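See below for coords09.cif, which holds mmCIF, C-alpha atoms.
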data_run
loop_
_atom_site.label_atom_id
_atom_site.label_comp_id
_atom_site.auth_asym_id
_atom_site.auth_seq_id
_atom_site.Cartn_x
_atom_site.Cartn_y
_atom_site.Cartn_z
CA MET L 504 66.43 104.93 158.86
CA PRO L 505 62.83 103.83 159.53
CA THR L 506 61.12 101.51 157.07
CA PRO L 507 58.51 103.11 154.75
CA HIS L 508 56.18 100.13 155.22
CA LYS L 509 54.95 98.07 158.14
CA VAL L 510 53.59 94.55 157.96
CA TYR L 511 51.03 92.76 160.10
CA TYR L 512 49.53 89.29 159.92
CA PRO L 513 45.79 89.18 160.51
CA PHE L 514 43.97 86.13 161.83
CA ILE L 515 43.00 83.73 159.05
CA SER L 516 39.98 81.53 159.58
CA PRO L 517 39.76 78.09 157.96
CA PHE L 518 36.32 79.18 156.73
CA ASP L 519 37.35 82.39 154.91
CA PRO L 520 35.65 82.60 151.49
CA CYS L 521 38.56 84.18 149.59
CA LYS L 522 42.18 83.15 149.26
CA PRO L 523 43.70 84.75 152.35
CA ILE L 524 46.14 87.64 152.17
CA VAL L 525 48.60 86.47 154.78
CA ALA L 526 50.56 89.67 155.22
CA LYS L 527 48.97 93.11 155.19
CA THR L 528 51.09 96.22 154.75
CA TYR L 529 50.63 99.90 155.33
CA SER L 530 52.64 102.94 154.46
CA THR L 531 54.69 104.81 157.07
CA PRO L 532 56.35 107.66 155.16
CA PRO L 533 59.50 109.30 156.55
CA HIS L 534 57.84 112.48 157.86
CA LEU L 535 56.20 110.44 160.62
CA TYR L 536 59.63 110.07 162.22
CA MET L 537 60.92 113.59 161.76
CA GLN L 538 59.22 115.92 164.30
CA MET L 539 60.51 119.48 163.60
CA GLN L 540 62.66 119.34 160.48
CA PRO L 541 66.32 119.94 161.42
CA PRO L 542 68.35 122.50 159.42
CA ASN L 543 70.84 121.71 156.64
CA LEU L 544 69.41 118.40 155.41
CA ALA L 545 70.44 117.07 152.00
CA GLN L 546 68.55 118.58 149.07
CA PHE L 547 67.70 117.50 145.53
CA THR L 548 68.83 119.75 142.72
CA PRO L 549 66.01 122.11 141.67
CA HIS L 550 65.23 119.96 138.63
CA GLU L 551 65.18 116.72 140.61
CA ALA L 552 63.07 118.39 143.28
CA LEU L 553 60.42 119.44 140.76
CA ARG L 554 60.11 115.84 139.65
CA ALA L 555 60.27 114.30 143.11
CA GLY L 556 57.67 116.61 144.63
CA THR L 557 60.00 117.59 147.47
CA LEU L 558 63.24 119.47 147.90
CA TRP L 559 64.31 117.23 150.77
CA LYS L 560 65.82 113.82 150.10
CA VAL L 561 64.72 112.46 153.48
CA LEU L 562 61.07 113.25 152.72
CA TYR L 563 61.07 111.49 149.35
CA ASP L 564 58.93 108.35 149.46
CA PRO L 565 57.77 107.19 146.01
CA TYR L 566 54.79 104.83 145.99
CA PHE L 567 54.22 102.25 143.27
CA GLY L 568 51.10 100.23 142.55
CA PRO L 569 51.05 96.49 141.89
CA TYR L 570 50.03 96.94 138.23
CA GLU L 571 52.83 99.22 137.11
CA LYS L 572 56.43 98.33 136.50
CA LEU L 573 58.92 100.12 138.69
CA ARG L 574 60.77 102.48 136.45
CA LYS L 575 64.49 103.02 137.00
CA GLU L 576 64.37 106.79 136.79
CA ASP L 577 61.87 107.00 139.62
CA SER L 578 63.97 105.05 142.09
CA SER L 579 67.40 106.47 141.34
CA HIS L 580 67.09 109.71 143.30
CA ASP L 581 69.26 108.63 146.20
CA MET W 539 44.67 138.28 146.15
CA TRP W 540 46.11 135.60 143.94
CA ILE W 541 48.39 135.52 140.94
CA TYR W 542 47.63 132.80 138.42
CA GLU W 543 50.38 131.04 136.56
CA LYS W 544 49.04 129.54 133.37
CA LYS W 545 50.66 126.13 133.70
CA LEU W 546 50.18 123.04 135.80
CA GLN W 547 52.26 122.49 138.93
CA TYR W 548 53.43 119.17 137.49
CA PRO W 549 52.89 117.91 133.93
CA VAL W 550 49.87 115.64 133.55
CA ARG W 551 50.27 112.75 131.14
CA VAL W 552 47.73 110.03 130.52
CA SER W 553 48.78 107.09 128.35
CA THR W 554 45.67 104.90 128.19
CA CYS W 555 42.01 105.64 127.45
CA ASN W 556 40.57 104.39 130.72
CA PRO W 557 37.45 106.32 131.83
CA MET W 558 37.16 103.98 134.84
CA LEU W 559 40.22 105.72 136.33
CA ALA W 560 38.43 109.06 135.91
CA LYS W 561 35.60 107.72 138.02
CA PHE W 562 38.06 106.81 140.78
CA LEU W 563 40.02 110.06 140.44
CA VAL W 564 37.03 112.32 141.11
CA GLU W 565 37.33 111.15 144.70
CA GLN W 566 40.26 113.55 144.89
CA TYR W 567 38.26 116.22 143.04
CA GLY W 568 35.04 116.46 145.01
CA GLY W 569 35.49 113.89 147.76
CA ALA W 570 35.71 114.43 151.51
CA ASP W 571 39.51 114.23 151.53
CA GLY W 572 39.94 115.68 148.06
CA GLU W 573 41.80 118.75 146.90
CA LEU W 574 38.72 121.02 146.89
CA SER W 575 37.97 120.15 150.51
CA ALA W 576 41.62 120.70 151.41
CA ALA W 577 41.91 124.10 149.73
CA LEU W 578 38.67 125.44 151.21
CA ARG W 579 39.42 124.01 154.66
CA TYR W 580 42.86 125.62 154.97
CA LEU W 581 42.05 128.96 153.40
CA ASN W 582 38.99 129.29 155.64
CA GLN W 583 40.84 128.42 158.87
CA ARG W 584 43.39 131.20 158.32
CA TYR W 585 41.30 133.91 159.94
CA THR W 586 41.06 132.38 163.38
CA ILE W 587 44.47 130.88 163.94
CA PRO W 588 47.62 132.39 165.54
CA ASP W 589 49.61 134.66 163.21
CA LYS W 590 52.60 132.32 163.12
CA VAL W 591 50.80 129.68 161.05
CA ILE W 592 48.51 131.81 158.86
CA GLY W 593 51.11 131.96 156.10
CA LEU W 594 51.43 128.20 156.06
CA LEU W 595 47.67 127.77 155.63
CA THR W 596 47.70 130.32 152.80
CA ASP W 597 50.56 128.58 151.00
CA ILE W 598 49.22 125.05 151.35
CA GLY W 599 45.62 126.06 150.65
CA THR W 600 46.76 127.76 147.47
CA GLU W 601 48.80 124.76 146.39
CA GLU W 602 45.75 122.53 146.87
CA PHE W 603 44.03 124.50 144.11
CA ALA W 604 47.01 123.73 141.87
CA HIS W 605 46.48 120.05 142.70
CA LEU W 606 42.75 120.38 141.99
CA GLU W 607 43.67 121.67 138.56
CA MET W 608 45.92 118.67 137.94
CA ILE W 609 43.17 116.24 138.95
CA ALA W 610 40.72 118.08 136.70
CA THR W 611 43.15 117.76 133.81
CA MET W 612 43.56 114.03 134.43
CA VAL W 613 39.79 113.44 134.59
CA TYR W 614 39.23 115.54 131.48
CA LYS W 615 41.91 113.70 129.49
CA LEU W 616 40.57 110.31 130.56
CA THR W 617 37.00 111.10 129.50
CA LYS W 618 37.11 113.67 126.70
CA ASP W 619 37.27 111.16 123.83
CA ALA W 620 35.34 108.33 125.45
CA THR W 621 32.20 107.11 123.71
CA PRO W 622 28.93 106.85 125.64
CA GLU W 623 29.41 103.07 125.57
CA GLN W 624 32.82 103.37 127.17
CA LEU W 625 31.43 105.72 129.81
CA ILE W 626 28.60 103.30 130.59
CA ALA W 627 31.11 100.44 130.86
CA ALA W 628 33.16 102.56 133.27
CA GLY W 629 30.13 103.22 135.46
CA LEU W 630 29.92 106.82 134.30
CA GLY W 631 26.57 106.44 132.52
CA PRO W 632 24.67 108.37 135.22
CA HIS W 633 27.31 111.10 135.11
CA TYR W 634 26.96 111.34 131.34
CA ALA W 635 23.19 111.54 131.62
CA ASN W 636 23.50 114.42 134.03
CA ASN W 637 26.63 116.28 132.94
CA ASP W 638 27.83 115.00 129.57
CA LYS W 639 31.64 115.28 129.78
CA ALA W 640 31.54 118.18 132.22
CA LEU W 641 33.37 117.74 135.50
CA MET W 642 31.38 117.84 138.70
CA TYR W 643 32.43 118.13 142.33
CA THR W 644 31.33 114.68 143.44
CA ASN W 645 33.17 111.82 145.06
CA ALA W 646 33.89 108.51 143.32
CA GLU W 647 30.40 107.30 144.21
CA GLY W 648 28.73 110.36 142.69
CA VAL W 649 27.82 112.04 145.98
CA PRO W 650 27.97 115.83 145.52
CA TRP W 651 30.56 117.78 147.47
CA THR W 652 29.28 119.27 150.71
CA ALA W 653 30.72 121.82 153.14
CA SER W 654 30.21 119.33 155.95
CA TYR W 655 33.38 117.62 154.68
CA ILE W 656 35.40 120.45 156.21
CA GLN W 657 35.60 121.83 159.73
CA ALA W 658 36.58 125.10 161.32
CA LYS W 659 36.45 124.60 165.06
CA GLY W 660 38.23 127.84 165.93
CA ASP W 661 40.54 125.95 168.27
CA PRO W 662 44.02 126.13 166.71
CA ILE W 663 45.10 122.70 167.95
CA ALA W 664 41.89 121.00 166.82
CA ASP W 665 42.06 122.69 163.42
CA ILE W 666 45.72 121.88 162.72
CA TYR W 667 45.23 118.28 163.83
CA GLU W 668 42.29 118.01 161.44
CA ASP W 669 44.58 119.31 158.69
CA ILE W 670 47.22 116.69 159.48
CA ALA W 671 44.56 113.96 159.36
CA ALA W 672 43.25 115.35 156.05
CA GLU W 673 46.72 115.15 154.49
CA GLU W 674 47.20 111.55 155.62
CA LYS W 675 43.75 110.60 154.29
CA ALA W 676 44.53 112.22 150.95
CA ARG W 677 47.87 110.38 150.87
CA ALA W 678 46.05 107.09 151.48
CA THR W 679 43.50 107.88 148.75
CA TYR W 680 46.33 108.43 146.26
CA GLN W 681 47.79 105.06 147.27
CA TRP W 682 44.49 103.27 146.67
CA ILE W 683 44.07 104.93 143.27
CA ILE W 684 47.67 104.07 142.28
CA ASN W 685 46.94 100.49 143.38
CA MET W 686 44.05 100.28 140.89
CA SER W 687 45.82 102.00 138.01
CA ASP W 688 48.10 100.42 135.42
CA ASP W 689 48.86 103.71 133.68
CA PRO W 690 52.50 104.61 134.45
CA ASP W 691 52.20 108.19 133.21
CA LEU W 692 49.10 108.87 135.27
CA ASN W 693 50.68 107.21 138.29
CA ASP W 694 53.71 109.44 137.90
CA GLY W 695 51.49 112.48 138.45
CA LEU W 696 49.67 110.78 141.32
CA ARG W 697 52.99 109.92 142.94
CA PHE W 698 53.96 113.58 142.82
CA LEU W 699 50.66 114.55 144.45
CA ARG W 700 51.10 111.90 147.14
CA GLU W 701 54.57 113.22 147.89
CA ARG W 702 53.12 116.71 148.33
CA GLU W 703 50.67 115.32 150.90
CA ILE W 704 53.65 114.00 152.85
CA VAL W 705 55.38 117.38 152.77
CA HIS W 706 52.18 119.17 153.78
CA SER W 707 51.61 116.79 156.65
CA GLN W 708 55.17 117.44 157.84
CA ARG W 709 54.63 121.22 157.73
CA PHE W 710 51.32 120.96 159.61
CA ARG W 711 53.03 118.81 162.26
CA GLU W 712 55.64 121.52 162.63
CA ALA W 713 52.87 124.13 162.86
CA ALA W 714 51.26 122.12 165.66
CA GLN W 715 54.62 122.01 167.40
CA ILE W 716 55.01 125.80 167.05
CA LEU W 717 51.57 126.27 168.64
CA ILE W 718 52.42 123.89 171.49
CA ASP W 719 56.02 124.97 172.16
CA GLU W 720 56.95 126.99 175.19
CA ARG W 721 60.12 128.30 173.57
CA GLY W 722 60.91 131.93 174.26
CA LYS W 723 58.66 132.00 177.31
CA LYS W 724 60.13 132.80 180.68
CA LYS W 725 59.39 129.82 182.83
CA ILE W 726 59.57 130.20 186.58
CA PHE W 727 59.87 127.04 188.56
#

What do you get writing this file as structure tokens?
Amino acid sequence: MPTPHKVYYPFISPFDPCKPIVAKTYSTPPHLYMQMQPPNLAQFTPHEALRAGTLWKVLYDPYFGPYEKLRKEDSSHD
Amino acid sequence: MWIYEKKLQYPVRVSTCNPMLAKFLVEQYGGADGELSAALRYLNQRYTIPDKVIGLLTDIGTEEFAHLEMIATMVYKLTKDATPEQLIAAGLGPHYANNDKALMYTNAEGVPWTASYIQAKGDPIADIYEDIAAEEKARATYQWIINMSDDPDLNDGLRFLREREIVHSQRFREAAQILIDERGKKKIF
């Protein structure tokens, strides 16, 4: 299973004005690795799918911001 | 021809009075990679693209209007009870001067929506690839807005919309593959 995030470490100058962010991340959601979707993949129930925004468990990739607490119900789909 | 269903695609809840978030959210309303641009881009490309992918553009273009409606609801809820002082503090003073609480198709910086945000090149590959890029840009925009927001209910709706961008991107990638594929063709070597 591919990771939904990638990390890179930009050059940090000794003269940078702000406190450096050592590691930068970016999102790599699961569809980037899928090509043509194969048949018969696992599905959410209709109710779960309406909440998740997708019928397909492999395509589910919830994104949380730094200022919100991760809520249990959002991460318990699989 | 469309049929309108008088409910939102996903329930919109807003738990804090934070007009500043409305200012950021209009990026997805009238911005270059926003839902209006997406809907108009896809629905307009349908006429000059191979039959196999017209239905996809119709479906996704239509859904983008459902997203537009959700964004509009969020912006409305975030601003409807705000005082002029609160709007000024949120940077929405110029908007209030011009529009009161009315929504406008501008981006987060107040630049009015323009048709130059969308393209219709007539080349199926170029157009579908633009659509894929548009979905990824919209996904990124949702991430940046979620990053600035501390409202869990609002973020819940934004997370749903971001997930839809992922699904749309996947379907456009498959459409590109359908247009590229040589399947079913007799190849003579």

Just the residues within 10 Å of Met686 of chain W, please, counting all atoms listed in the file, with nothing from its chain fewer than 2 positions along; format it as a CSV table (one decimal) with C-alpha atoms, in the frame of the given file.
chain,number,residue,atom,x,y,z
L,568,GLY,CA,51.1,100.2,142.6
L,569,PRO,CA,51.0,96.5,141.9
L,570,TYR,CA,50.0,96.9,138.2
L,571,GLU,CA,52.8,99.2,137.1
W,558,MET,CA,37.2,104.0,134.8
W,559,LEU,CA,40.2,105.7,136.3
W,562,PHE,CA,38.1,106.8,140.8
W,681,GLN,CA,47.8,105.1,147.3
W,682,TRP,CA,44.5,103.3,146.7
W,683,ILE,CA,44.1,104.9,143.3
W,684,ILE,CA,47.7,104.1,142.3
W,688,ASP,CA,48.1,100.4,135.4
W,689,ASP,CA,48.9,103.7,133.7
W,693,ASN,CA,50.7,107.2,138.3

> By how many Å are atom CA of Ala713 of chain W and atom CA of Tyr680 of chain W apart?
Replying inline: 23.8 Å

>> Once the PyMOL selection byres ((chain W and resi 701) around 8) is applied to the coordinates I shared, what remains selected? I want it as a ChimeraX atom specification.
In response: /L:555-557,563-565 /W:677,697-700,702-705

>> What would the selection look like, as an MDAnalysis selection string, if the PyMOL selection byres ((chain L and resi 552) around 12) were run on the coordinates I just shared?
In response: (chainID L and resid 545:551 553:563 580:581) or (chainID W and resid 548 698 701:702)

> Quick one: distance from atom CA of Pro549 of chain W to atom CA of Met608 of chain W in Å, one decimal?
Replying inline: 8.1 Å

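Computed from the coordinates, the atom CA of His534 of chain L to atom CA of Gln708 of chain W distance equals 5.6 Å.
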
> If the PyMOL selection byres ((chain W and resi 619-632) around 7) is run on the structure shown, which residues does it catch, given as number ranges by chain?
Replying inline: W: 557-558, 561, 617-618, 633-636

> Of the candidates W:Ala577, W:Met642, W:Ile670, W:Val564, which one gets nearest to chain L if we count only C-alpha atoms?
Replying inline: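 For chain L, the nearest of the candidates is W:Ile670.
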
Take the point (38.4, 112.3, 145.7) as written in the file and pick out every residue within 12 Å of it, counting only C-alpha atoms; give the list as a short mmCIF file (atom, residue, chain, number, x, y, z; two decimals) with C-alpha atoms, keeping the file's coordinate frame.
data_model
loop_
_atom_site.label_atom_id
_atom_site.label_comp_id
_atom_site.auth_asym_id
_atom_site.auth_seq_id
_atom_site.Cartn_x
_atom_site.Cartn_y
_atom_site.Cartn_z
CA LEU W 559 40.22 105.72 136.33
CA ALA W 560 38.43 109.06 135.91
CA LYS W 561 35.60 107.72 138.02
CA PHE W 562 38.06 106.81 140.78
CA LEU W 563 40.02 110.06 140.44
CA VAL W 564 37.03 112.32 141.11
CA GLU W 565 37.33 111.15 144.70
CA GLN W 566 40.26 113.55 144.89
CA TYR W 567 38.26 116.22 143.04
CA GLY W 568 35.04 116.46 145.01
CA GLY W 569 35.49 113.89 147.76
CA ALA W 570 35.71 114.43 151.51
CA ASP W 571 39.51 114.23 151.53
CA GLY W 572 39.94 115.68 148.06
CA GLU W 573 41.80 118.75 146.90
CA LEU W 574 38.72 121.02 146.89
CA SER W 575 37.97 120.15 150.51
CA ALA W 576 41.62 120.70 151.41
CA HIS W 605 46.48 120.05 142.70
CA LEU W 606 42.75 120.38 141.99
CA ILE W 609 43.17 116.24 138.95
CA ALA W 610 40.72 118.08 136.70
CA VAL W 613 39.79 113.44 134.59
CA MET W 642 31.38 117.84 138.70
CA TYR W 643 32.43 118.13 142.33
CA THR W 644 31.33 114.68 143.44
CA ASN W 645 33.17 111.82 145.06
CA ALA W 646 33.89 108.51 143.32
CA GLU W 647 30.40 107.30 144.21
CA GLY W 648 28.73 110.36 142.69
CA VAL W 649 27.82 112.04 145.98
CA PRO W 650 27.97 115.83 145.52
CA TRP W 651 30.56 117.78 147.47
CA TYR W 655 33.38 117.62 154.68
CA ALA W 672 43.25 115.35 156.05
CA LYS W 675 43.75 110.60 154.29
CA ALA W 676 44.53 112.22 150.95
CA ARG W 677 47.87 110.38 150.87
CA ALA W 678 46.05 107.09 151.48
CA THR W 679 43.50 107.88 148.75
CA TYR W 680 46.33 108.43 146.26
CA GLN W 681 47.79 105.06 147.27
CA TRP W 682 44.49 103.27 146.67
CA ILE W 683 44.07 104.93 143.27
#
